[in-house]
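J.: What follows is work20.txt, made up of compact mmCIF, C-alpha atoms:
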# COMPACT_ATOMS: atom_id res chain seq x y z
CA MET A 18 95.84 228.99 178.71
CA LYS A 19 99.23 227.74 179.85
CA PRO A 20 99.59 224.08 180.79
CA SER A 21 101.43 223.37 183.99
CA ILE A 22 104.70 221.57 183.64
CA VAL A 23 104.41 217.90 184.55
CA THR A 24 107.76 216.57 185.63
CA ALA A 25 109.12 213.11 185.12
CA ALA A 26 109.60 212.88 188.87
CA THR A 27 105.86 213.24 189.47
CA PHE A 28 105.10 210.43 187.07
CA THR A 29 107.86 208.31 188.55
CA LEU A 30 106.28 208.61 191.99
CA LEU A 31 102.88 207.65 190.58
CA LEU A 32 104.15 204.64 188.70
CA PHE A 33 106.16 203.16 191.51
CA THR A 34 103.32 203.41 194.03
CA LEU A 35 101.10 201.20 191.87
CA PRO A 36 100.69 197.49 192.74
CA SER A 37 103.40 195.06 191.74
CA ASN A 38 103.32 191.72 189.90
CA ALA A 39 102.39 193.12 186.49
CA GLN A 40 102.25 191.75 183.02
CA PHE A 41 103.64 194.08 180.38
CA ARG A 42 100.51 193.78 178.30
CA THR A 43 96.94 193.39 179.43
CA ASN A 44 95.11 190.17 178.58
CA ALA A 45 93.41 191.96 175.72
CA GLN A 46 96.68 193.32 174.38
CA ASN A 47 98.17 189.85 174.42
CA LEU A 48 95.47 188.80 171.96
CA VAL A 49 96.75 191.25 169.33
CA LEU A 50 98.57 188.58 167.40
CA THR A 51 98.92 189.80 163.83
CA ASN A 52 99.85 187.61 160.90
CA GLU A 53 103.27 189.22 161.07
CA ASP A 54 103.58 188.02 164.67
CA SER A 55 102.58 184.51 163.68
CA LEU A 56 105.34 184.47 161.08
CA ASN A 57 107.85 185.93 163.51
CA TYR A 58 107.13 183.36 166.22
CA GLY A 59 106.56 180.43 163.89
CA THR A 60 103.01 179.84 165.13
CA GLY A 61 101.18 180.18 161.81
CA LYS A 62 100.27 177.37 159.45
CA ASN A 63 100.69 179.37 156.23
CA LYS A 64 104.07 179.90 154.65
CA THR A 65 103.05 183.22 153.07
CA VAL A 66 101.14 185.71 155.22
CA ILE A 67 99.57 189.13 154.71
CA SER A 68 99.17 191.62 157.54
CA GLY A 69 99.05 195.36 158.07
CA TYR A 70 97.90 198.38 160.04
CA GLY A 71 96.71 201.92 159.51
CA ASP A 72 95.30 205.03 161.12
CA ALA A 73 93.44 208.25 160.32
CA PHE A 74 93.01 211.41 162.38
CA TYR A 75 91.31 214.78 162.83
CA GLN A 76 93.23 217.62 164.46
CA ARG A 77 92.05 221.06 165.58
CA ASN A 78 94.68 223.76 166.16
CA PHE A 79 92.91 226.23 168.45
CA TYR A 80 95.36 229.12 168.13
CA GLN A 81 95.37 229.04 164.34
CA ARG A 82 91.67 228.08 164.27
CA GLN A 83 92.59 225.46 161.69
CA SER A 84 91.36 221.87 161.40
CA ASN A 85 92.92 219.09 159.34
CA VAL A 86 92.11 215.47 158.57
CA SER A 87 94.35 212.84 157.01
CA LEU A 88 94.62 209.15 156.33
CA GLU A 89 97.97 209.22 158.08
CA ARG A 90 99.27 205.83 157.03
CA ILE A 91 98.31 202.52 155.47
CA VAL A 92 100.86 199.73 155.84
CA LEU A 93 100.79 196.37 154.06
CA PHE A 94 102.94 193.52 155.31
CA VAL A 95 103.82 190.49 153.18
CA GLY A 96 106.02 187.78 154.64
CA HIS A 97 107.11 184.29 153.72
CA ARG A 98 108.61 181.40 155.70
CA PHE A 99 111.00 179.52 153.42
CA ASN A 100 111.69 176.94 156.12
CA ASP A 101 112.07 176.74 159.90
CA LYS A 102 115.32 178.70 159.73
CA ILE A 103 114.74 181.45 157.12
CA SER A 104 111.88 183.92 156.72
CA LEU A 105 111.24 187.11 154.75
CA PHE A 106 109.60 190.23 156.24
CA THR A 107 108.45 193.19 154.10
CA GLU A 108 106.29 196.23 154.86
CA MET A 109 105.24 198.97 152.44
CA GLU A 110 103.82 202.20 153.85
CA LEU A 111 101.68 204.89 152.19
CA GLU A 112 101.52 208.12 154.17
CA ASN A 113 98.80 210.76 153.81
CA ALA A 114 96.87 208.87 151.12
CA VAL A 115 98.32 210.47 147.95
CA VAL A 116 101.85 210.73 146.60
CA ALA A 117 102.55 214.16 145.07
CA GLY A 118 102.07 214.12 141.31
CA SER A 119 99.80 211.08 141.29
CA ASN A 120 96.60 213.09 141.71
CA SER A 121 94.78 214.45 138.65
CA ASP A 122 94.58 217.86 140.35
CA GLU A 123 98.31 218.58 140.54
CA SER A 124 97.60 222.20 141.47
CA ASN A 125 96.54 221.01 144.94
CA ASN A 126 99.52 222.10 147.00
CA SER A 127 98.30 220.20 150.05
CA ILE A 128 99.26 216.88 148.49
CA GLY A 129 102.33 215.67 150.31
CA GLY A 130 102.07 211.93 150.67
CA ASP A 131 104.89 209.45 150.58
CA ILE A 132 105.26 205.78 149.76
CA SER A 133 108.19 203.86 151.17
CA MET A 134 109.40 200.52 152.47
CA GLU A 135 109.25 200.37 156.23
CA GLN A 136 111.10 197.07 156.42
CA ALA A 137 112.44 194.42 154.06
CA PHE A 138 114.76 191.89 155.64
CA LEU A 139 115.61 188.22 155.90
CA LYS A 140 115.53 186.58 159.31
CA PHE A 141 117.84 183.64 160.06
CA ASN A 142 116.95 181.57 163.14
CA PHE A 143 119.92 179.86 164.75
CA ASN A 144 117.88 178.43 167.63
CA SER A 145 115.00 179.46 169.88
CA ARG A 146 117.11 182.15 171.55
CA ASN A 147 119.25 183.61 168.79
CA TYR A 148 118.59 185.00 165.35
CA LEU A 149 120.03 187.40 162.80
CA VAL A 150 118.33 189.87 160.45
CA ALA A 151 119.80 191.32 157.25
CA GLY A 152 118.29 194.00 155.05
CA LEU A 153 116.16 197.06 155.82
CA PHE A 154 115.25 196.74 159.50
CA LEU A 155 114.18 198.88 162.46
CA PRO A 156 116.78 198.96 165.24
CA ARG A 157 115.62 198.46 168.82
CA MET A 158 115.67 202.08 169.92
CA GLY A 159 113.26 203.49 172.47
CA ILE A 160 109.76 202.07 172.98
CA LEU A 161 108.02 203.05 169.75
CA ASN A 162 110.44 202.25 166.95
CA GLU A 163 109.75 198.51 166.97
CA ASN A 164 106.27 198.65 168.55
CA HIS A 165 104.42 201.34 166.62
CA LEU A 166 101.05 199.74 165.80
CA PRO A 167 98.27 202.27 166.57
CA VAL A 168 96.62 199.76 168.94
CA ASN A 169 99.81 199.56 171.03
CA PHE A 170 100.28 203.18 172.11
CA ASN A 171 98.06 205.77 173.76
CA GLY A 172 97.25 209.02 172.03
CA VAL A 173 96.32 209.82 168.46
CA GLU A 174 99.82 211.17 167.83
CA ARG A 175 102.93 209.16 168.52
CA PRO A 176 104.99 210.61 171.42
CA LEU A 177 106.79 213.67 170.08
CA VAL A 178 110.04 212.71 171.80
CA GLU A 179 110.03 209.52 169.72
CA GLN A 180 109.36 211.48 166.57
CA LEU A 181 111.87 214.33 166.94
CA ILE A 182 114.69 213.07 169.18
CA ILE A 183 114.40 209.36 168.30
CA PRO A 184 113.19 209.62 164.69
CA ALA A 185 110.74 206.69 164.68
CA THR A 186 110.14 204.81 162.60
CA TRP A 187 113.89 204.72 161.99
CA ARG A 188 115.10 202.03 159.63
CA GLU A 189 118.34 201.47 157.76
CA ILE A 190 120.04 198.74 155.75
CA GLY A 191 122.34 196.49 157.71
CA VAL A 192 122.75 193.37 159.82
CA ALA A 193 121.75 192.79 163.44
CA PHE A 194 122.08 189.90 165.89
CA TYR A 195 119.44 189.29 168.59
CA GLY A 196 119.85 187.00 171.56
CA THR A 197 118.39 185.96 174.92
CA LEU A 198 120.42 184.74 177.88
CA ASN A 199 119.71 181.23 179.10
CA ASN A 200 119.12 181.71 182.84
CA ILE A 201 118.51 185.46 183.14
CA PRO A 202 115.52 187.34 181.61
CA ILE A 203 117.79 189.53 179.49
CA THR A 204 117.58 190.04 175.74
CA TYR A 205 120.18 191.93 173.77
CA ASP A 206 121.03 192.95 170.24
CA ILE A 207 123.82 194.59 168.30
CA GLY A 208 123.68 195.81 164.74
CA ILE A 209 125.64 197.61 162.05
CA MET A 210 124.01 199.68 159.33
CA ASN A 211 124.60 202.56 156.97
CA GLY A 212 125.33 205.94 158.52
CA LEU A 213 123.54 209.29 158.41
CA ASN A 214 123.79 212.15 155.93
CA SER A 215 124.50 215.44 157.71
CA ALA A 216 123.84 217.42 154.51
CA ASN A 217 120.13 216.75 155.10
CA PHE A 218 120.00 217.62 158.81
CA GLN A 219 117.45 220.37 159.45
CA HIS A 220 116.88 222.86 162.22
CA GLY A 221 113.78 221.87 164.13
CA SER A 222 113.78 218.17 163.24
CA GLY A 223 117.05 216.93 164.71
CA PHE A 224 118.72 214.35 162.49
CA ARG A 225 115.44 212.89 161.21
CA ASP A 226 115.97 214.07 157.62
CA GLY A 227 119.47 212.59 157.59
CA ARG A 228 118.24 208.99 157.72
CA GLY A 229 118.97 206.82 154.69
CA LEU A 230 115.75 204.76 154.89
CA GLY A 231 117.13 202.30 152.36
CA SER A 232 117.03 204.84 149.52
CA ASN A 233 120.46 205.02 147.84
CA ALA A 234 122.00 205.92 151.19
CA PHE A 235 125.69 206.66 151.79
CA ALA A 236 127.59 203.58 152.93
CA ASN A 237 131.10 205.01 153.28
CA ASN A 238 130.05 205.80 156.82
CA LEU A 239 128.45 203.36 159.26
CA GLY A 240 126.31 203.25 162.36
CA LEU A 241 126.39 200.88 165.33
CA THR A 242 123.32 200.21 167.42
CA ALA A 243 122.82 198.09 170.53
CA ALA A 244 120.18 197.49 173.17
CA VAL A 245 119.71 195.46 176.36
CA GLN A 246 116.30 194.60 177.87
CA TYR A 247 115.70 193.21 181.35
CA ASN A 248 112.32 191.83 182.42
CA ILE A 249 111.52 191.39 186.09
CA SER A 250 108.11 190.98 187.67
CA ASP A 251 105.99 193.95 186.60
CA PHE A 252 108.72 195.91 184.84
CA LYS A 253 110.66 195.98 181.65
CA PHE A 254 113.89 197.98 181.61
CA GLN A 255 115.81 198.92 178.49
CA VAL A 256 118.91 200.85 177.56
CA SER A 257 119.87 201.42 173.94
CA GLY A 258 122.45 203.42 172.06
CA TYR A 259 123.68 204.51 168.66
CA MET A 260 127.02 205.74 167.34
CA GLY A 261 127.46 206.57 163.69
CA GLY A 262 129.25 208.66 161.13
CA THR A 263 127.33 211.47 159.45
CA VAL A 264 129.52 212.14 156.41
CA GLY A 265 129.34 209.58 153.63
CA LEU A 266 131.30 211.61 151.11
CA SER A 267 134.59 210.48 149.64
CA LYS A 268 137.73 211.81 151.30
CA ARG A 269 138.16 214.44 148.59
CA GLY A 270 134.57 215.61 148.96
CA ALA A 271 134.77 215.69 152.76
CA ASP A 272 138.12 217.49 152.77
CA SER A 273 136.73 220.19 150.49
CA LEU A 274 134.09 220.91 153.15
CA ASP A 275 136.50 220.52 156.10
CA LEU A 276 134.54 217.51 157.36
CA ASP A 277 135.84 214.23 158.74
CA ASN A 278 134.85 211.23 156.64
CA GLY A 279 135.35 207.53 157.20
CA ALA A 280 133.21 204.92 158.90
CA PHE A 281 132.57 207.06 161.98
CA GLY A 282 133.68 210.48 160.77
CA THR A 283 131.85 213.52 162.19
CA PRO A 284 130.06 211.18 164.63
CA LEU A 285 126.64 211.43 166.25
CA TYR A 286 125.87 209.67 169.55
CA LEU A 287 122.48 208.73 171.00
CA GLY A 288 121.73 207.19 174.39
CA GLU A 289 118.30 206.11 175.59
CA ALA A 290 116.76 204.41 178.63
CA ASP A 291 113.17 203.50 179.37
CA ILE A 292 110.97 201.65 181.86
CA GLN A 293 107.58 200.06 181.18
CA TYR A 294 105.11 198.81 183.75
CA ALA A 295 101.67 197.17 183.64
CA ARG A 296 99.41 195.35 186.06
CA ASN A 297 95.69 194.94 186.67
CA GLY A 298 94.73 197.64 184.19
CA PHE A 299 97.41 200.09 185.33
CA SER A 300 100.24 200.95 182.95
CA GLY A 301 103.16 203.33 182.91
CA LYS A 302 106.11 204.36 180.77
CA ILE A 303 109.15 206.54 181.33
CA LEU A 304 111.71 207.32 178.64
CA GLY A 305 114.72 209.61 178.43
CA VAL A 306 117.08 210.22 175.52
CA TYR A 307 120.07 212.45 174.78
CA VAL A 308 121.79 213.10 171.45
CA ALA A 309 125.32 214.52 171.22
CA TYR A 310 126.78 215.90 168.00
CA PRO A 311 130.25 217.24 168.86
CA ASP A 312 131.13 218.45 165.35
CA ALA A 313 127.90 220.33 164.66
CA ASP A 314 129.91 223.50 164.08
CA LYS A 315 131.70 221.92 161.10
CA VAL A 316 128.41 220.81 159.57
CA ASN A 317 126.88 224.25 160.06
CA THR A 318 129.84 225.85 158.30
CA ALA A 319 129.88 223.33 155.46
CA TYR A 320 126.17 223.32 154.69
CA ALA A 321 124.97 226.66 156.14
CA LYS A 322 122.85 224.81 158.71
CA ASN A 323 121.63 225.70 162.18
CA VAL A 324 122.21 222.31 163.83
CA ALA A 325 122.64 221.91 167.58
CA SER A 326 125.44 219.96 169.25
CA GLY A 327 123.10 218.48 171.84
CA MET A 328 119.41 217.76 172.32
CA TYR A 329 117.36 215.86 174.86
CA GLY A 330 113.88 214.56 175.42
CA ALA A 331 111.89 212.71 178.08
CA TYR A 332 108.35 211.64 178.71
CA ALA A 333 106.32 209.83 181.34
CA GLU A 334 102.87 208.32 180.93
CA ALA A 335 100.31 206.70 183.20
CA GLY A 336 97.10 204.99 182.16
CA TYR A 337 94.29 202.83 183.45
CA ASP A 338 91.98 200.39 181.66
CA TRP A 339 88.52 200.81 183.17
CA LEU A 340 87.26 197.59 181.58
CA TYR A 341 90.07 195.44 182.93
CA LYS A 342 87.87 193.62 185.48
CA LYS A 343 84.76 193.51 183.29
CA GLN A 344 85.99 192.51 179.83
CA LYS A 345 88.43 189.96 178.50
CA THR A 346 89.02 191.68 175.18
CA ALA A 347 87.57 195.21 175.17
CA GLN A 348 89.57 198.06 176.71
CA PHE A 349 88.79 201.65 177.68
CA ILE A 350 92.04 203.32 178.67
CA THR A 351 92.35 206.83 180.02
CA PHE A 352 95.85 208.25 180.15
CA VAL A 353 97.97 211.31 180.71
CA ARG A 354 101.46 211.88 179.31
CA GLY A 355 103.96 214.64 179.94
CA GLU A 356 106.76 215.33 177.44
CA ILE A 357 109.70 217.70 177.63
CA PHE A 358 112.35 218.20 174.98
CA ASP A 359 114.83 220.72 173.62
CA LEU A 360 116.16 220.31 170.09
CA ASN A 361 118.94 222.81 170.74
CA SER A 362 119.87 222.29 174.37
CA ASN A 363 123.56 222.73 173.48
CA LEU A 364 124.98 224.86 170.68
CA PRO A 365 128.42 224.59 169.05
CA SER A 366 131.12 226.55 170.84
CA PRO A 367 132.17 229.13 169.85
CA PRO A 368 128.55 229.91 168.84
CA LYS A 369 128.03 228.73 165.29
CA ALA A 370 124.28 228.27 165.61
CA ILE A 371 121.34 230.42 166.65
CA TYR A 372 119.28 229.34 169.63
CA ASP A 373 115.59 228.83 168.96
CA GLY A 374 113.51 228.96 172.10
CA THR A 375 110.47 227.57 170.30
CA GLU A 376 112.25 224.21 170.10
CA LYS A 377 112.27 223.90 173.89
CA GLN A 378 108.82 222.53 174.61
CA THR A 379 106.58 221.03 177.25
CA GLN A 380 103.65 218.95 176.06
CA ILE A 381 100.84 217.51 178.18
CA ILE A 382 98.51 215.03 176.52
CA ALA A 383 95.42 213.54 178.13
CA GLY A 384 92.76 211.38 176.53
CA PHE A 385 91.38 207.92 176.01
CA SER A 386 91.70 204.84 173.81
CA TYR A 387 88.72 202.55 173.31
CA LEU A 388 89.38 199.12 171.82
CA PRO A 389 86.11 197.23 171.24
CA ILE A 390 88.31 194.36 170.05
CA PRO A 391 92.09 194.13 170.44
CA ASN A 392 92.79 194.97 166.79
CA VAL A 393 90.69 198.16 166.48
CA VAL A 394 91.07 201.43 168.40
CA ILE A 395 89.14 204.69 168.63
CA LYS A 396 91.16 207.49 170.21
CA ALA A 397 90.78 211.09 171.34
CA ASP A 398 93.04 213.42 173.28
CA VAL A 399 93.82 217.04 174.06
CA ARG A 400 97.41 218.26 173.75
CA LEU A 401 98.58 221.37 175.61
CA GLN A 402 101.79 222.87 174.25
CA HIS A 403 104.08 225.44 175.80
CA THR A 404 107.37 226.60 174.26
CA GLY A 405 110.21 228.97 174.92
CA PRO A 406 110.26 232.46 173.39
CA GLN A 407 110.70 233.08 169.69
CA ASN A 408 114.12 234.38 168.62
CA PRO A 409 113.65 237.48 166.40
CA ALA A 410 116.83 236.56 164.50
CA LEU A 411 115.04 233.51 163.10
CA VAL A 412 111.78 235.22 162.12
CA ILE A 413 111.44 235.38 158.34
CA ASN A 414 107.84 236.53 158.14
CA PRO A 415 107.10 238.77 161.15
CA PRO A 416 103.71 240.18 162.19
CA PRO A 417 101.45 241.65 160.90
CA ASN A 418 102.14 239.50 157.81
CA ALA A 419 102.01 236.43 160.05
CA LEU A 420 100.16 235.77 163.28
CA PRO A 421 102.06 236.84 166.40
CA TYR A 422 103.87 233.86 167.89
CA SER A 423 102.02 232.23 170.79
CA ARG A 424 104.08 230.27 173.30
CA SER A 425 100.98 228.30 174.31
CA ASN A 426 98.62 226.34 172.13
CA GLN A 427 96.01 223.63 172.38
CA PHE A 428 95.18 220.79 170.01
CA LEU A 429 92.24 218.40 169.86
CA ASN A 430 92.94 215.03 168.23
CA VAL A 431 90.49 212.32 167.25
CA GLY A 432 91.58 209.17 165.43
CA ILE A 433 90.98 205.56 164.52
CA GLY A 434 93.46 202.73 163.99
CA TYR A 435 93.64 199.04 163.28
CA SER A 436 96.02 196.12 162.89
CA PHE A 437 95.54 192.60 161.59
As structure tokens, what does this structure read like?
T.:
Amino acid sequence: MKPSIVTAATFTLLLFTLPSNAQFRTNAQNLVLTNEDSLNYGTGKNKTVISGYGDAFYQRNFYQRQSNVSLERIVLFVGHRFNDKISLFTEMELENAVVAGSNSDESNNSIGGDISMEQAFLKFNFNSRNYLVAGLFLPRMGILNENHLPVNFNGVERPLVEQLIIPATWREIGVAFYGTLNNIPITYDIGIMNGLNSANFQHGSGFRDGRGLGSNAFANNLGLTAAVQYNISDFKFQVSGYMGGTVGLSKRGADSLDLDNGAFGTPLYLGEADIQYARNGFSGKILGVYVAYPDADKVNTAYAKNVASGMYGAYAEAGYDWLYKKQKTAQFITFVRGEIFDLNSNLPSPPKAIYDGTEKQTQIIAGFSYLPIPNVVIKADVRLQHTGPQNPALVINPPPNALPYSRSNQFLNVGIGYSF
């Protein structure tokens, strides 16, 4: 079964023929005010607050005839308001329930959990329109990176484009300034943080594994991030970008590998734009992103990698809440989302990487989200996947030792999530 390719243009036409005068969030979604939100907006009475979110899922891979379940993540937030000007935000995340080595049955090779800090920063309020954060923070990049609570996005899985091209949740140590213009509905931010580590870039996952995540990251190189948001009527428009060095080695170490070091040596560039829409139960999202890595050939030579010099991704989603006119808090949202991406759309020239057609993919996801209350969600969806052909030069374990590669596959996902 091959899914048809849903283009962004089709979704664009659908979204822009919907009624105007929207709110970005339904009335029910606006009620999802977590304790973290109350601290952020200064609406809570307590100086110290506890909040969090989590989700669990079941997935069936029909081609492999394999099913898996996992407690995907549990996140605990602890924050404190020192005074009206200074607050502390911290989040600790446990992924997949168990950290390797902590289980009594250490022979269980399926254990692959992780515990990490998702954020830990101080926020300094200058006034009602301007503030600064310093520490481990999530830059405003795409739709999901800042707004990743399971009750805030459709689908059991987060959009793949915002997992592989924009590696959400992406956080680094640095400083960022956020502001809002006085007479125009525009918000903006600019930040500086530690750079990426190209030694950890991996074929098939973009630059995701090169993030520092606050764990003894290189700081000889730096990254700049910026975003601008514009709200008008039913729409929210955003453009965001990143430029950063990917070699944090000393000059001697970089020279020995023929790599450029320095603050922005061996740079990586990311540009993203998105549109969000919502009104009367209808909602829509469109996002596009491109990553350029001009010196991928040098990294491939230095570290024996197969990294691309360019990759892109885009998705479009439309949904409708069938309880919008009947309920003030409950929601039953059906949605469909189309995603396209290629993790090796451009290769270093002259060719110093091997093209992998399996990394050029089209995904179509359709399903529902039921929220009996704004802070709890039950989800289910079907994902149809279609990829390019497999490159025999990259096959390590060919048939009959492994299953023949199938360019089409189907997945069934069922999940639950919460936030408080």
J.: Set out as a Markdown table a contact list for range 95-176 of chain A and range 56-61 of chain A with a cut-off of 9 Å, giving each residue of range 95-176 of chain A that qualifies its closest atom pair and distance in Å to one decimal, counting all atoms listed in the file, ordered by chain and rising residue number.
T.:
| residue | atom | partner | partner_atom | distance |
| --- | --- | --- | --- | --- |
| A:Gly96 | CA | A:Leu56 | CA | 7.3 |
| A:His97 | CA | A:Leu56 | CA | 7.6 |
| A:Arg98 | CA | A:Leu56 | CA | 7.0 |
| A:Asp101 | CA | A:Gly59 | CA | 7.7 |
| A:Ser104 | CA | A:Leu56 | CA | 7.9 |
| A:Phe106 | CA | A:Asn57 | CA | 8.6 |
| A:Lys140 | CA | A:Asn57 | CA | 8.8 |
J.: Rank A:Leu213, A:Val412, A:Val86, A:Val324 by their smallest atom-to-atom distance to Leu360 in chain A, using only C-alpha atoms, and report the top residue only.
T.: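 Of the candidates, the smallest distance to Leu360 in chain A is held by A:Val324.
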J.: If you measure from CA of Pro167 in chain A to CA of Tyr435 in chain A, what distance in Å do you get, rounded to one decimal?
T.: 6.5 Å
J.: Suppose you want the space between CA of Glu135 in chain A and CA of Asn233 in chain A; what is it in Å?
T.: 14.8 Å
J.: Choose the residue, out of A:Phe218, A:Phe154, A:Tyr294, A:Phe352, that has the smallest atom-to-atom separation from Ala321 in chain A; count only C-alpha atoms.
T.: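 Answer, going by the shortest atom-to-atom distance: A:Phe218.
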J.: Dump range 237-280 of chain A with C-alpha atoms to a file, as an mmCIF file, in the first residue's frame.
T.:
data_model
loop_
_atom_site.group_PDB
_atom_site.id
_atom_site.type_symbol
_atom_site.label_atom_id
_atom_site.label_comp_id
_atom_site.auth_asym_id
_atom_site.auth_seq_id
_atom_site.Cartn_x
_atom_site.Cartn_y
_atom_site.Cartn_z
ATOM 1 C CA ASN A 237 35.127 27.630 21.637
ATOM 2 C CA ASN A 238 32.472 27.812 18.946
ATOM 3 C CA LEU A 239 29.161 29.653 19.221
ATOM 4 C CA GLY A 240 25.688 29.723 17.750
ATOM 5 C CA LEU A 241 23.368 32.649 17.049
ATOM 6 C CA THR A 242 19.611 32.227 16.955
ATOM 7 C CA ALA A 243 16.837 34.700 16.188
ATOM 8 C CA ALA A 244 13.112 34.678 15.516
ATOM 9 C CA VAL A 245 10.337 37.129 14.636
ATOM 10 C CA GLN A 246 6.618 36.440 15.180
ATOM 11 C CA TYR A 247 3.741 38.460 13.731
ATOM 12 C CA ASN A 248 0.157 38.004 14.911
ATOM 13 C CA ILE A 249 -2.711 39.281 12.795
ATOM 14 C CA SER A 250 -6.350 38.289 13.024
ATOM 15 C CA ASP A 251 -6.534 34.504 12.649
ATOM 16 C CA PHE A 252 -2.880 33.916 11.819
ATOM 17 C CA LYS A 253 0.484 33.723 13.445
ATOM 18 C CA PHE A 254 3.529 34.035 11.192
ATOM 19 C CA GLN A 255 7.071 33.221 12.234
ATOM 20 C CA VAL A 256 10.524 33.169 10.707
ATOM 21 C CA SER A 257 13.516 31.905 12.643
ATOM 22 C CA GLY A 258 17.137 31.145 11.925
ATOM 23 C CA TYR A 259 20.360 29.738 13.299
ATOM 24 C CA MET A 260 24.017 30.184 12.408
ATOM 25 C CA GLY A 261 26.711 28.428 14.377
ATOM 26 C CA GLY A 262 30.148 26.903 14.343
ATOM 27 C CA THR A 263 30.438 23.120 14.448
ATOM 28 C CA VAL A 264 34.067 22.679 15.506
ATOM 29 C CA GLY A 265 34.838 23.416 19.139
ATOM 30 C CA LEU A 266 38.368 22.049 19.068
ATOM 31 C CA SER A 267 41.428 24.152 19.753
ATOM 32 C CA LYS A 268 43.225 25.556 16.723
ATOM 33 C CA ARG A 269 45.862 22.825 16.913
ATOM 34 C CA GLY A 270 43.221 20.098 17.081
ATOM 35 C CA ALA A 271 41.191 21.600 14.244
ATOM 36 C CA ASP A 272 44.241 22.142 12.036
ATOM 37 C CA SER A 273 45.250 18.511 12.463
ATOM 38 C CA LEU A 274 41.888 17.521 10.959
ATOM 39 C CA ASP A 275 41.904 20.274 8.306
ATOM 40 C CA LEU A 276 38.835 21.885 9.886
ATOM 41 C CA ASP A 277 38.126 25.555 10.498
ATOM 42 C CA ASN A 278 37.755 26.410 14.176
ATOM 43 C CA GLY A 279 36.788 29.638 15.891
ATOM 44 C CA ALA A 280 33.440 31.020 16.976
#
